[in-house]
Structure formats: C-alpha cells, structure tokens
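Engineer: For reference, the file upload.txt (compact mmCIF, N, CA and C atoms) is included below:
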```txt
# COMPACT_ATOMS: atom_id res chain seq x y z
N MET A 1 24.49 87.81 176.63
CA MET A 1 25.20 86.76 177.33
C MET A 1 24.25 86.12 178.35
N GLN A 2 24.13 84.79 178.30
CA GLN A 2 23.24 84.08 179.21
C GLN A 2 23.92 83.85 180.56
N PRO A 3 23.12 83.92 181.62
CA PRO A 3 23.72 83.64 182.93
C PRO A 3 24.06 82.16 183.04
N ASN A 4 25.09 81.88 183.80
CA ASN A 4 25.54 80.50 184.01
C ASN A 4 24.63 79.85 185.06
N LEU A 5 23.84 78.87 184.64
CA LEU A 5 22.90 78.22 185.56
C LEU A 5 23.62 77.38 186.62
N ASP A 6 24.77 76.82 186.25
CA ASP A 6 25.52 76.02 187.22
C ASP A 6 26.04 76.89 188.36
N ALA A 7 26.43 78.12 188.04
CA ALA A 7 26.94 79.01 189.08
C ALA A 7 25.82 79.42 190.03
N SER A 8 24.60 79.67 189.49
CA SER A 8 23.50 80.05 190.37
C SER A 8 23.08 78.88 191.25
N LEU A 9 23.14 77.66 190.71
CA LEU A 9 22.84 76.50 191.54
C LEU A 9 23.87 76.36 192.65
N GLY A 10 25.12 76.68 192.34
CA GLY A 10 26.17 76.65 193.36
C GLY A 10 25.93 77.67 194.45
N ILE A 11 25.46 78.86 194.05
CA ILE A 11 25.18 79.90 195.04
C ILE A 11 24.01 79.49 195.91
N ILE A 12 22.97 78.92 195.31
CA ILE A 12 21.82 78.46 196.08
C ILE A 12 22.23 77.36 197.06
N ALA A 13 23.05 76.43 196.58
CA ALA A 13 23.52 75.35 197.45
C ALA A 13 24.39 75.91 198.58
N GLU A 14 25.24 76.88 198.26
CA GLU A 14 26.08 77.48 199.30
C GLU A 14 25.23 78.21 200.34
N LEU A 15 24.21 78.92 199.88
CA LEU A 15 23.32 79.61 200.83
C LEU A 15 22.56 78.60 201.69
N ALA A 16 22.13 77.49 201.10
CA ALA A 16 21.43 76.47 201.88
C ALA A 16 22.35 75.85 202.92
N VAL A 17 23.59 75.57 202.51
CA VAL A 17 24.56 74.98 203.45
C VAL A 17 24.86 75.98 204.57
N CYS A 18 25.05 77.24 204.23
CA CYS A 18 25.32 78.26 205.25
C CYS A 18 24.15 78.40 206.22
N ALA A 19 22.93 78.41 205.68
CA ALA A 19 21.75 78.54 206.54
C ALA A 19 21.61 77.34 207.46
N LEU A 20 21.81 76.13 206.92
CA LEU A 20 21.70 74.92 207.75
C LEU A 20 22.79 74.89 208.82
N LEU A 21 24.00 75.29 208.46
CA LEU A 21 25.08 75.34 209.46
C LEU A 21 24.79 76.38 210.54
N LEU A 22 24.26 77.52 210.15
CA LEU A 22 23.94 78.56 211.12
C LEU A 22 22.82 78.11 212.06
N VAL A 23 21.76 77.54 211.51
CA VAL A 23 20.65 77.07 212.34
C VAL A 23 21.11 75.94 213.26
N GLY A 24 21.89 75.00 212.71
CA GLY A 24 22.41 73.91 213.53
C GLY A 24 23.31 74.40 214.64
N SER A 25 24.14 75.39 214.33
CA SER A 25 25.03 75.95 215.35
C SER A 25 24.25 76.68 216.44
N LEU A 26 23.21 77.39 216.06
CA LEU A 26 22.40 78.10 217.05
C LEU A 26 21.67 77.12 217.98
N PHE A 27 21.12 76.03 217.41
CA PHE A 27 20.49 75.02 218.26
C PHE A 27 21.50 74.39 219.21
N THR A 28 22.69 74.12 218.72
CA THR A 28 23.72 73.52 219.57
C THR A 28 24.14 74.49 220.67
N LEU A 29 24.25 75.76 220.34
CA LEU A 29 24.60 76.77 221.34
C LEU A 29 23.52 76.88 222.42
N VAL A 30 22.26 76.89 222.01
CA VAL A 30 21.16 76.95 222.98
C VAL A 30 21.19 75.72 223.89
N GLY A 31 21.47 74.54 223.32
CA GLY A 31 21.57 73.33 224.13
C GLY A 31 22.72 73.40 225.12
N ALA A 32 23.85 73.93 224.70
CA ALA A 32 25.01 74.04 225.60
C ALA A 32 24.73 75.05 226.72
N ILE A 33 24.09 76.15 226.38
CA ILE A 33 23.74 77.14 227.41
C ILE A 33 22.73 76.55 228.39
N GLY A 34 21.76 75.80 227.87
CA GLY A 34 20.79 75.15 228.75
C GLY A 34 21.44 74.14 229.68
N LEU A 35 22.39 73.39 229.16
CA LEU A 35 23.11 72.42 229.99
C LEU A 35 23.88 73.11 231.10
N PHE A 36 24.41 74.27 230.81
CA PHE A 36 25.20 75.01 231.80
C PHE A 36 24.32 75.74 232.81
N ARG A 37 23.21 76.32 232.37
CA ARG A 37 22.44 77.23 233.22
C ARG A 37 21.31 76.60 234.01
N LEU A 38 20.76 75.49 233.56
CA LEU A 38 19.59 74.92 234.24
C LEU A 38 19.98 74.31 235.57
N PRO A 39 19.08 74.36 236.57
CA PRO A 39 19.47 74.07 237.95
C PRO A 39 19.59 72.59 238.34
N ASP A 40 18.79 71.69 237.78
CA ASP A 40 18.90 70.30 238.21
C ASP A 40 19.00 69.36 237.03
N VAL A 41 19.27 68.10 237.33
CA VAL A 41 19.56 67.12 236.29
C VAL A 41 18.37 66.90 235.37
N PHE A 42 17.16 66.99 235.89
CA PHE A 42 15.99 66.73 235.06
C PHE A 42 15.78 67.85 234.04
N MET A 43 16.05 69.08 234.45
CA MET A 43 15.96 70.19 233.49
C MET A 43 17.13 70.16 232.51
N ARG A 44 18.30 69.76 232.99
CA ARG A 44 19.48 69.72 232.14
C ARG A 44 19.39 68.67 231.04
N LEU A 45 18.54 67.69 231.20
CA LEU A 45 18.39 66.67 230.17
C LEU A 45 17.82 67.25 228.88
N HIS A 46 17.06 68.32 228.97
CA HIS A 46 16.42 68.87 227.77
C HIS A 46 17.42 69.54 226.84
N GLY A 47 18.48 70.12 227.38
CA GLY A 47 19.47 70.78 226.52
C GLY A 47 20.12 69.85 225.52
N PRO A 48 20.79 68.81 225.99
CA PRO A 48 21.46 67.94 225.03
C PRO A 48 20.52 67.05 224.23
N THR A 49 19.37 66.70 224.75
CA THR A 49 18.54 65.74 224.02
C THR A 49 17.62 66.40 223.01
N LYS A 50 17.26 67.62 223.21
CA LYS A 50 16.32 68.26 222.28
C LYS A 50 17.05 69.19 221.32
N SER A 51 17.56 70.28 221.83
CA SER A 51 18.12 71.28 220.92
C SER A 51 19.46 70.86 220.32
N THR A 52 20.29 70.18 221.08
CA THR A 52 21.57 69.76 220.53
C THR A 52 21.38 68.68 219.47
N THR A 53 20.38 67.82 219.64
CA THR A 53 20.08 66.83 218.62
C THR A 53 19.66 67.52 217.33
N LEU A 54 18.82 68.54 217.43
CA LEU A 54 18.43 69.29 216.24
C LEU A 54 19.62 70.03 215.64
N GLY A 55 20.50 70.52 216.47
CA GLY A 55 21.69 71.22 215.98
C GLY A 55 22.60 70.31 215.19
N VAL A 56 22.88 69.15 215.72
CA VAL A 56 23.72 68.19 215.00
C VAL A 56 23.01 67.71 213.74
N GLY A 57 21.69 67.55 213.82
CA GLY A 57 20.92 67.18 212.62
C GLY A 57 21.05 68.23 211.53
N GLY A 58 21.02 69.51 211.89
CA GLY A 58 21.19 70.58 210.90
C GLY A 58 22.57 70.56 210.26
N VAL A 59 23.58 70.29 211.05
CA VAL A 59 24.94 70.22 210.51
C VAL A 59 25.08 69.02 209.58
N VAL A 60 24.49 67.91 209.95
CA VAL A 60 24.57 66.71 209.10
C VAL A 60 23.81 66.93 207.79
N VAL A 61 22.64 67.57 207.85
CA VAL A 61 21.90 67.87 206.62
C VAL A 61 22.70 68.83 205.74
N ALA A 62 23.38 69.80 206.35
CA ALA A 62 24.25 70.69 205.58
C ALA A 62 25.36 69.90 204.89
N SER A 63 25.89 68.91 205.57
CA SER A 63 26.91 68.05 204.97
C SER A 63 26.35 67.26 203.78
N VAL A 64 25.13 66.76 203.92
CA VAL A 64 24.49 66.03 202.82
C VAL A 64 24.30 66.95 201.61
N VAL A 65 23.82 68.17 201.85
CA VAL A 65 23.59 69.11 200.75
C VAL A 65 24.92 69.47 200.08
N TYR A 66 25.94 69.73 200.88
CA TYR A 66 27.23 70.13 200.33
C TYR A 66 27.82 69.03 199.45
N PHE A 67 27.89 67.82 199.96
CA PHE A 67 28.53 66.76 199.19
C PHE A 67 27.67 66.29 198.03
N SER A 68 26.36 66.44 198.13
CA SER A 68 25.50 66.09 196.99
C SER A 68 25.67 67.09 195.85
N CYS A 69 25.77 68.38 196.18
CA CYS A 69 25.92 69.40 195.15
C CYS A 69 27.34 69.50 194.62
N ARG A 70 28.29 68.96 195.34
CA ARG A 70 29.68 68.99 194.90
C ARG A 70 29.94 68.01 193.76
N GLY A 71 29.00 67.11 193.56
CA GLY A 71 29.16 66.17 192.47
C GLY A 71 29.37 64.74 192.95
N ASP A 72 29.70 64.59 194.20
CA ASP A 72 29.84 63.24 194.74
C ASP A 72 28.46 62.65 194.93
N SER A 73 28.38 61.36 194.94
CA SER A 73 27.08 60.74 195.19
C SER A 73 26.69 60.96 196.66
N THR A 74 25.41 60.86 196.92
CA THR A 74 24.93 61.03 198.29
C THR A 74 25.48 59.89 199.14
N SER A 75 26.13 60.26 200.20
CA SER A 75 26.79 59.27 201.04
C SER A 75 25.81 58.69 202.05
N LEU A 76 25.95 57.42 202.30
CA LEU A 76 25.12 56.76 203.29
C LEU A 76 25.59 57.08 204.71
N HIS A 77 26.82 57.57 204.83
CA HIS A 77 27.38 57.85 206.15
C HIS A 77 26.57 58.90 206.90
N GLU A 78 26.21 59.99 206.23
CA GLU A 78 25.46 61.05 206.90
C GLU A 78 24.09 60.57 207.35
N LEU A 79 23.45 59.76 206.52
CA LEU A 79 22.14 59.24 206.90
C LEU A 79 22.23 58.28 208.08
N LEU A 80 23.28 57.48 208.12
CA LEU A 80 23.48 56.57 209.26
C LEU A 80 23.79 57.34 210.54
N VAL A 81 24.59 58.40 210.43
CA VAL A 81 24.90 59.22 211.60
C VAL A 81 23.63 59.86 212.14
N THR A 82 22.80 60.38 211.24
CA THR A 82 21.54 61.02 211.65
C THR A 82 20.62 60.01 212.32
N ALA A 83 20.47 58.83 211.72
CA ALA A 83 19.60 57.81 212.30
C ALA A 83 20.11 57.37 213.67
N PHE A 84 21.42 57.17 213.79
CA PHE A 84 22.01 56.77 215.06
C PHE A 84 21.79 57.85 216.12
N LEU A 85 21.96 59.10 215.75
CA LEU A 85 21.78 60.21 216.69
C LEU A 85 20.34 60.30 217.17
N PHE A 86 19.39 60.26 216.24
CA PHE A 86 17.98 60.40 216.62
C PHE A 86 17.46 59.18 217.37
N LEU A 87 18.11 58.04 217.22
CA LEU A 87 17.70 56.86 217.99
C LEU A 87 18.33 56.81 219.37
N THR A 88 19.58 57.22 219.49
CA THR A 88 20.28 57.06 220.76
C THR A 88 20.07 58.22 221.74
N ALA A 89 19.83 59.43 221.26
CA ALA A 89 19.68 60.57 222.17
C ALA A 89 18.50 60.40 223.13
N PRO A 90 17.30 60.03 222.67
CA PRO A 90 16.21 59.85 223.63
C PRO A 90 16.43 58.67 224.57
N ILE A 91 17.06 57.63 224.08
CA ILE A 91 17.31 56.45 224.92
C ILE A 91 18.30 56.80 226.02
N SER A 92 19.36 57.52 225.67
CA SER A 92 20.33 57.90 226.70
C SER A 92 19.73 58.88 227.71
N ALA A 93 18.88 59.79 227.25
CA ALA A 93 18.22 60.72 228.18
C ALA A 93 17.30 59.96 229.13
N HIS A 94 16.59 58.98 228.61
CA HIS A 94 15.72 58.17 229.45
C HIS A 94 16.52 57.41 230.51
N MET A 95 17.64 56.85 230.11
CA MET A 95 18.48 56.12 231.06
C MET A 95 19.07 57.06 232.12
N LEU A 96 19.47 58.25 231.72
CA LEU A 96 19.99 59.22 232.69
C LEU A 96 18.90 59.65 233.67
N ALA A 97 17.69 59.86 233.18
CA ALA A 97 16.59 60.25 234.07
C ALA A 97 16.26 59.13 235.05
N LYS A 98 16.25 57.88 234.57
CA LYS A 98 15.98 56.77 235.48
C LYS A 98 17.08 56.64 236.53
N ALA A 99 18.32 56.84 236.14
CA ALA A 99 19.42 56.78 237.11
C ALA A 99 19.30 57.90 238.14
N ALA A 100 18.90 59.09 237.71
CA ALA A 100 18.74 60.21 238.64
C ALA A 100 17.60 59.95 239.61
N ILE A 101 16.53 59.32 239.14
CA ILE A 101 15.42 58.98 240.03
C ILE A 101 15.85 57.91 241.02
N GLN A 102 16.58 56.90 240.55
CA GLN A 102 17.05 55.83 241.44
C GLN A 102 17.99 56.38 242.52
N ARG A 103 18.85 57.31 242.13
CA ARG A 103 19.78 57.89 243.10
C ARG A 103 19.13 58.96 243.96
N GLN A 104 17.89 59.31 243.64
CA GLN A 104 17.12 60.32 244.36
C GLN A 104 17.89 61.63 244.46
N LEU A 105 18.34 62.09 243.31
CA LEU A 105 19.06 63.37 243.26
C LEU A 105 18.12 64.51 243.60
N PRO A 106 18.65 65.59 244.15
CA PRO A 106 17.80 66.72 244.53
C PRO A 106 17.08 67.30 243.31
N VAL A 107 15.85 67.71 243.54
CA VAL A 107 15.02 68.29 242.49
C VAL A 107 14.76 69.75 242.83
N ASP A 108 14.98 70.60 241.85
CA ASP A 108 14.69 72.02 242.04
C ASP A 108 13.18 72.20 242.17
N PRO A 109 12.72 73.11 243.01
CA PRO A 109 11.27 73.31 243.16
C PRO A 109 10.58 73.77 241.87
N ARG A 110 11.34 74.36 240.96
CA ARG A 110 10.74 74.82 239.71
C ARG A 110 10.55 73.70 238.69
N THR A 111 11.09 72.52 238.96
CA THR A 111 10.91 71.39 238.06
C THR A 111 9.47 70.91 238.16
N ARG A 112 8.79 70.86 237.01
CA ARG A 112 7.39 70.48 237.00
C ARG A 112 7.24 69.06 236.49
N GLY A 113 6.16 68.42 236.95
CA GLY A 113 5.83 67.08 236.47
C GLY A 113 6.69 66.02 237.12
N GLY A 114 6.19 64.82 237.10
CA GLY A 114 6.96 63.70 237.63
C GLY A 114 6.55 63.32 239.02
N PRO A 115 6.43 62.05 239.29
CA PRO A 115 6.00 61.60 240.60
C PRO A 115 7.08 61.68 241.67
N TRP A 116 8.35 61.81 241.29
CA TRP A 116 9.42 61.81 242.29
C TRP A 116 9.34 63.00 243.21
N ALA A 117 8.74 64.11 242.77
CA ALA A 117 8.73 65.33 243.57
C ALA A 117 7.77 65.25 244.75
N ALA A 118 6.75 64.38 244.69
CA ALA A 118 5.74 64.36 245.73
C ALA A 118 5.75 63.09 246.57
N VAL A 119 6.52 62.10 246.20
CA VAL A 119 6.49 60.82 246.90
C VAL A 119 7.13 60.96 248.27
N GLY A 120 6.36 60.75 249.31
CA GLY A 120 6.89 60.65 250.67
C GLY A 120 7.33 61.95 251.30
N ARG A 121 7.06 63.09 250.74
CA ARG A 121 7.44 64.33 251.39
C ARG A 121 6.39 65.40 251.21
N GLU A 122 6.40 66.29 252.14
CA GLU A 122 5.50 67.43 252.10
C GLU A 122 6.24 68.60 251.48
N GLU A 123 5.51 69.64 251.17
CA GLU A 123 6.11 70.85 250.59
C GLU A 123 7.12 71.44 251.57
N GLY A 124 8.32 71.72 251.09
CA GLY A 124 9.35 72.34 251.91
C GLY A 124 10.28 71.37 252.59
N GLU A 125 9.98 70.06 252.56
CA GLU A 125 10.89 69.09 253.16
C GLU A 125 12.07 68.87 252.23
N PRO A 126 13.22 68.48 252.79
CA PRO A 126 14.40 68.26 251.95
C PRO A 126 14.21 67.03 251.05
N ASP A 127 15.01 66.96 250.00
CA ASP A 127 14.95 65.84 249.07
C ASP A 127 15.76 64.66 249.62
N THR A 128 15.15 63.91 250.54
CA THR A 128 15.79 62.74 251.12
C THR A 128 14.92 61.53 250.84
N PRO A 129 15.48 60.34 250.95
CA PRO A 129 14.67 59.15 250.72
C PRO A 129 13.53 59.05 251.71
N ALA A 130 12.38 58.61 251.24
CA ALA A 130 11.19 58.54 252.08
C ALA A 130 11.27 57.42 253.11
N ASP A 131 11.99 56.34 252.82
CA ASP A 131 12.03 55.20 253.73
C ASP A 131 13.25 55.20 254.64
N GLY A 132 14.06 56.25 254.59
CA GLY A 132 15.23 56.34 255.46
C GLY A 132 16.38 55.48 254.99
N ALA A 133 16.39 55.09 253.73
CA ALA A 133 17.47 54.25 253.19
C ALA A 133 18.77 55.04 253.14
N GLN A 134 19.87 54.29 253.12
CA GLN A 134 21.17 54.93 253.06
C GLN A 134 21.39 55.48 251.66
N THR A 135 21.98 56.69 251.58
CA THR A 135 22.29 57.27 250.28
C THR A 135 23.77 57.50 250.10
N SER A 136 24.59 57.09 251.06
CA SER A 136 26.01 57.33 250.95
C SER A 136 26.73 56.33 250.08
N GLY A 137 26.03 55.31 249.60
CA GLY A 137 26.65 54.33 248.74
C GLY A 137 27.26 53.17 249.51
N GLN A 138 27.15 53.17 250.86
CA GLN A 138 27.70 52.08 251.66
C GLN A 138 26.73 50.91 251.65
N VAL A 139 27.30 49.72 251.59
CA VAL A 139 26.49 48.53 251.64
C VAL A 139 26.58 47.95 253.05
N GLY A 140 25.43 47.58 253.59
CA GLY A 140 25.42 47.00 254.92
C GLY A 140 25.36 48.05 255.99
N GLY A 141 25.32 47.61 257.28
CA GLY A 141 25.11 48.46 258.41
C GLY A 141 26.20 49.36 258.69
```
What do you get writing this file as structure tokens?

Structural biologist:
Amino acid sequence: MQPNLDASLGIIAELAVCALLLVGSLFTLVGAIGLFRLPDVFMRLHGPTKSTTLGVGGVVVASVVYFSCRGDSTSLHELLVTAFLFLTAPISAHMLAKAAIQRQLPVDPRTRGGPWAAVGREEGEPDTPADGAQTSGQVGG
C-alpha cells in the first residue's frame, strides 16, 4: 500500500503553520513584555516596532501558508496587511520618538545614544528644558 502524498503534504503544511504561529506568538509576547517592563518611552519603542512587527508578520505568513494549502488561491489581503504593517510601524515609531523629544520626556540613564540626553545638562541634573521653557502646557505668561 502506497502512502498518501496529499496527507503528508497536509502534515507538513500543518507543521509549518504551527511553527509560524508559535514563532509569531513568541515574538509578540516578547514585544508585549518589553513594552511593559522597559523604563522610558525611547526604550519602549523597540518592543512594539521590532519584535511585535515580526510576530504579526509570522502570524500573517502562517495565514498565507494555511489558506494556500487549503486549496484556496493565495489571497492578496495577507500580502497587503504585511506591506501595510512593515511600512507603518517604523513611521509611527519615528513620530512617537519625535513627539517624546519635543515634549522633553524624562530619559532613563540607561538609555544609550541620542543627542537629547546631553543637550544643556550635566551628568546628574534632572531632565528639564535647557532654556527654562514652560512644560506645563500653558500658553502665555
């Protein structure tokens, strides 16, 4: 009796989908933990923009594999979702970082890189505006 090749292809596809879902879920979990545990906004940007993007990408690729092997044609929806995700995640992270710099949010001393940490202050000084500008959001005197 010959083995059923269609059944083995189904098992391989199921294993691929399971592996992609597991890897995607682990990346998403690491991103969520990073978002929760990291101390300042600049470090927190890495969780959702790097690992969570890879996690969602893994889940979307698992969806492509599943529906392609199920017999349906490859859907353009998954590819559009992936393209939209990979294009918008870095742009939104960049905009959030620029907003945090403009608002002069406090920076943890362990945050490395970036000119905002050294502009107008010495080591150990609080994270306040260098020119004495108002930070309470009030307009005018």

Engineer: So which residues touch range 81-84 of chain A within 8 Å, counting all atoms listed in the file, skipping near sequence neighbours fewer than 3 positions away, as a list in words?

Structural biologist: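 Final neighbour list, sorted by chain and number: Val56, Gly57, Val60, Val61, Leu76, His77, Glu78, Leu87, Thr88 and Ala89 of chain A.
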
Engineer: Those same residues, written as a PDB file, in the frame of the given file with N, CA and C atoms?

Structural biologist:
```pdb
ATOM      1  N   VAL A  56      22.880  69.150 215.720  1.00  0.00           N
ATOM      2  CA  VAL A  56      23.720  68.190 215.000  1.00  0.00           C
ATOM      3  C   VAL A  56      23.010  67.710 213.740  1.00  0.00           C
ATOM      4  N   GLY A  57      21.690  67.550 213.820  1.00  0.00           N
ATOM      5  CA  GLY A  57      20.920  67.180 212.620  1.00  0.00           C
ATOM      6  C   GLY A  57      21.050  68.230 211.530  1.00  0.00           C
ATOM      7  N   VAL A  60      24.490  67.910 209.950  1.00  0.00           N
ATOM      8  CA  VAL A  60      24.570  66.710 209.100  1.00  0.00           C
ATOM      9  C   VAL A  60      23.810  66.930 207.790  1.00  0.00           C
ATOM     10  N   VAL A  61      22.640  67.570 207.850  1.00  0.00           N
ATOM     11  CA  VAL A  61      21.900  67.870 206.620  1.00  0.00           C
ATOM     12  C   VAL A  61      22.700  68.830 205.740  1.00  0.00           C
ATOM     13  N   LEU A  76      25.950  57.420 202.300  1.00  0.00           N
ATOM     14  CA  LEU A  76      25.120  56.760 203.290  1.00  0.00           C
ATOM     15  C   LEU A  76      25.590  57.080 204.710  1.00  0.00           C
ATOM     16  N   HIS A  77      26.820  57.570 204.830  1.00  0.00           N
ATOM     17  CA  HIS A  77      27.380  57.850 206.150  1.00  0.00           C
ATOM     18  C   HIS A  77      26.570  58.900 206.900  1.00  0.00           C
ATOM     19  N   GLU A  78      26.210  59.990 206.230  1.00  0.00           N
ATOM     20  CA  GLU A  78      25.460  61.050 206.900  1.00  0.00           C
ATOM     21  C   GLU A  78      24.090  60.570 207.350  1.00  0.00           C
ATOM     22  N   LEU A  87      18.110  58.040 217.220  1.00  0.00           N
ATOM     23  CA  LEU A  87      17.700  56.860 217.990  1.00  0.00           C
ATOM     24  C   LEU A  87      18.330  56.810 219.370  1.00  0.00           C
ATOM     25  N   THR A  88      19.580  57.220 219.490  1.00  0.00           N
ATOM     26  CA  THR A  88      20.280  57.060 220.760  1.00  0.00           C
ATOM     27  C   THR A  88      20.070  58.220 221.740  1.00  0.00           C
ATOM     28  N   ALA A  89      19.830  59.430 221.260  1.00  0.00           N
ATOM     29  CA  ALA A  89      19.680  60.570 222.170  1.00  0.00           C
ATOM     30  C   ALA A  89      18.500  60.400 223.130  1.00  0.00           C
TER      31      ALA A  89
END
```

Engineer: What is the CA of Gly71 in chain A to CA of Leu85 in chain A distance in Å?

Structural biologist: 26.0 Å

Engineer: Would you list the contacts of range 30-42 of chain A as a PDB file with N, CA and C atoms, keeping the file's coordinate frame, taking every protein, DNA or RNA residue within 6.5 Å and counting all atoms listed in the file, but skipping same-chain residues closer than 2 positions in sequence?

Structural biologist:
```
ATOM      1  N   SER A  25      24.140  75.390 214.330  1.00  0.00           N
ATOM      2  CA  SER A  25      25.030  75.950 215.350  1.00  0.00           C
ATOM      3  C   SER A  25      24.250  76.680 216.440  1.00  0.00           C
ATOM      4  N   LEU A  26      23.210  77.390 216.060  1.00  0.00           N
ATOM      5  CA  LEU A  26      22.400  78.100 217.050  1.00  0.00           C
ATOM      6  C   LEU A  26      21.670  77.120 217.980  1.00  0.00           C
ATOM      7  N   PHE A  27      21.120  76.030 217.410  1.00  0.00           N
ATOM      8  CA  PHE A  27      20.490  75.020 218.260  1.00  0.00           C
ATOM      9  C   PHE A  27      21.500  74.390 219.210  1.00  0.00           C
ATOM     10  N   THR A  28      22.690  74.120 218.720  1.00  0.00           N
ATOM     11  CA  THR A  28      23.720  73.520 219.570  1.00  0.00           C
ATOM     12  C   THR A  28      24.140  74.490 220.670  1.00  0.00           C
ATOM     13  N   ARG A  44      18.300  69.760 232.990  1.00  0.00           N
ATOM     14  CA  ARG A  44      19.480  69.720 232.140  1.00  0.00           C
ATOM     15  C   ARG A  44      19.390  68.670 231.040  1.00  0.00           C
ATOM     16  N   LEU A  45      18.540  67.690 231.200  1.00  0.00           N
ATOM     17  CA  LEU A  45      18.390  66.670 230.170  1.00  0.00           C
ATOM     18  C   LEU A  45      17.820  67.250 228.880  1.00  0.00           C
ATOM     19  N   HIS A  46      17.060  68.320 228.970  1.00  0.00           N
ATOM     20  CA  HIS A  46      16.420  68.870 227.770  1.00  0.00           C
ATOM     21  C   HIS A  46      17.420  69.540 226.840  1.00  0.00           C
ATOM     22  N   GLY A  47      18.480  70.120 227.380  1.00  0.00           N
ATOM     23  CA  GLY A  47      19.470  70.780 226.520  1.00  0.00           C
ATOM     24  C   GLY A  47      20.120  69.850 225.520  1.00  0.00           C
ATOM     25  N   PRO A  48      20.790  68.810 225.990  1.00  0.00           N
ATOM     26  CA  PRO A  48      21.460  67.940 225.030  1.00  0.00           C
ATOM     27  C   PRO A  48      20.520  67.050 224.230  1.00  0.00           C
ATOM     28  N   SER A  51      17.560  70.280 221.830  1.00  0.00           N
ATOM     29  CA  SER A  51      18.120  71.280 220.920  1.00  0.00           C
ATOM     30  C   SER A  51      19.460  70.860 220.320  1.00  0.00           C
ATOM     31  N   THR A  52      20.290  70.180 221.080  1.00  0.00           N
ATOM     32  CA  THR A  52      21.570  69.760 220.530  1.00  0.00           C
ATOM     33  C   THR A  52      21.380  68.680 219.470  1.00  0.00           C
ATOM     34  N   PRO A 106      18.650  65.590 244.150  1.00  0.00           N
ATOM     35  CA  PRO A 106      17.800  66.720 244.530  1.00  0.00           C
ATOM     36  C   PRO A 106      17.080  67.300 243.310  1.00  0.00           C
ATOM     37  N   VAL A 107      15.850  67.710 243.540  1.00  0.00           N
ATOM     38  CA  VAL A 107      15.020  68.290 242.490  1.00  0.00           C
ATOM     39  C   VAL A 107      14.760  69.750 242.830  1.00  0.00           C
ATOM     40  N   ASP A 108      14.980  70.600 241.850  1.00  0.00           N
ATOM     41  CA  ASP A 108      14.690  72.020 242.040  1.00  0.00           C
ATOM     42  C   ASP A 108      13.180  72.200 242.170  1.00  0.00           C
TER      43      ASP A 108
END
```

Engineer: Between CA of Ala19 in chain A and CA of Ala62 in chain A, what distance in Å does the model show, to one decimal?

Structural biologist: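 That distance, rounded to one decimal, is 8.3 Å.
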
Engineer: List every residue of range 22-92 of chain A that DSSP, applied to the backbone of this structure, assigns to alpha helix (DSSP H), and report them as a ChimeraX atom specification.

Structural biologist: /A:22-37,41-44,46,52-69,76-92

Engineer: Rounded to one decimal, what separation in Å do you get between CA of Met43 in chain A and CA of Ile101 in chain A?

Structural biologist: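 Between CA of Met43 in chain A and CA of Ile101 in chain A the gap works out to 13.0 Å.
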
Engineer: Calculated over only C-alpha atoms, which of the candidates A:Lys98, A:Gly24, A:Pro90, A:Leu80 has the smallest distance to Gly58 in chain A?

Structural biologist: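 Of the candidates, the smallest distance to Gly58 in chain A is held by A:Gly24.
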
Engineer: I'd like to know which of A:Arg110, A:Thr49, A:Leu79, A:Ala99 is closest to Val65 in chain A, using only C-alpha atoms.

Structural biologist: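 Result for the nearest residue to Val65 in chain A: A:Leu79.
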
Engineer: Could you check the closest approach to Tyr66 in chain A for each of A:Leu54, A:Ile91, A:Ala16, A:Val23 and tell me which residue wins, using all atoms listed in the file?

Structural biologist: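 With all atoms listed in the file as the atom set, the closest residue is A:Ala16.
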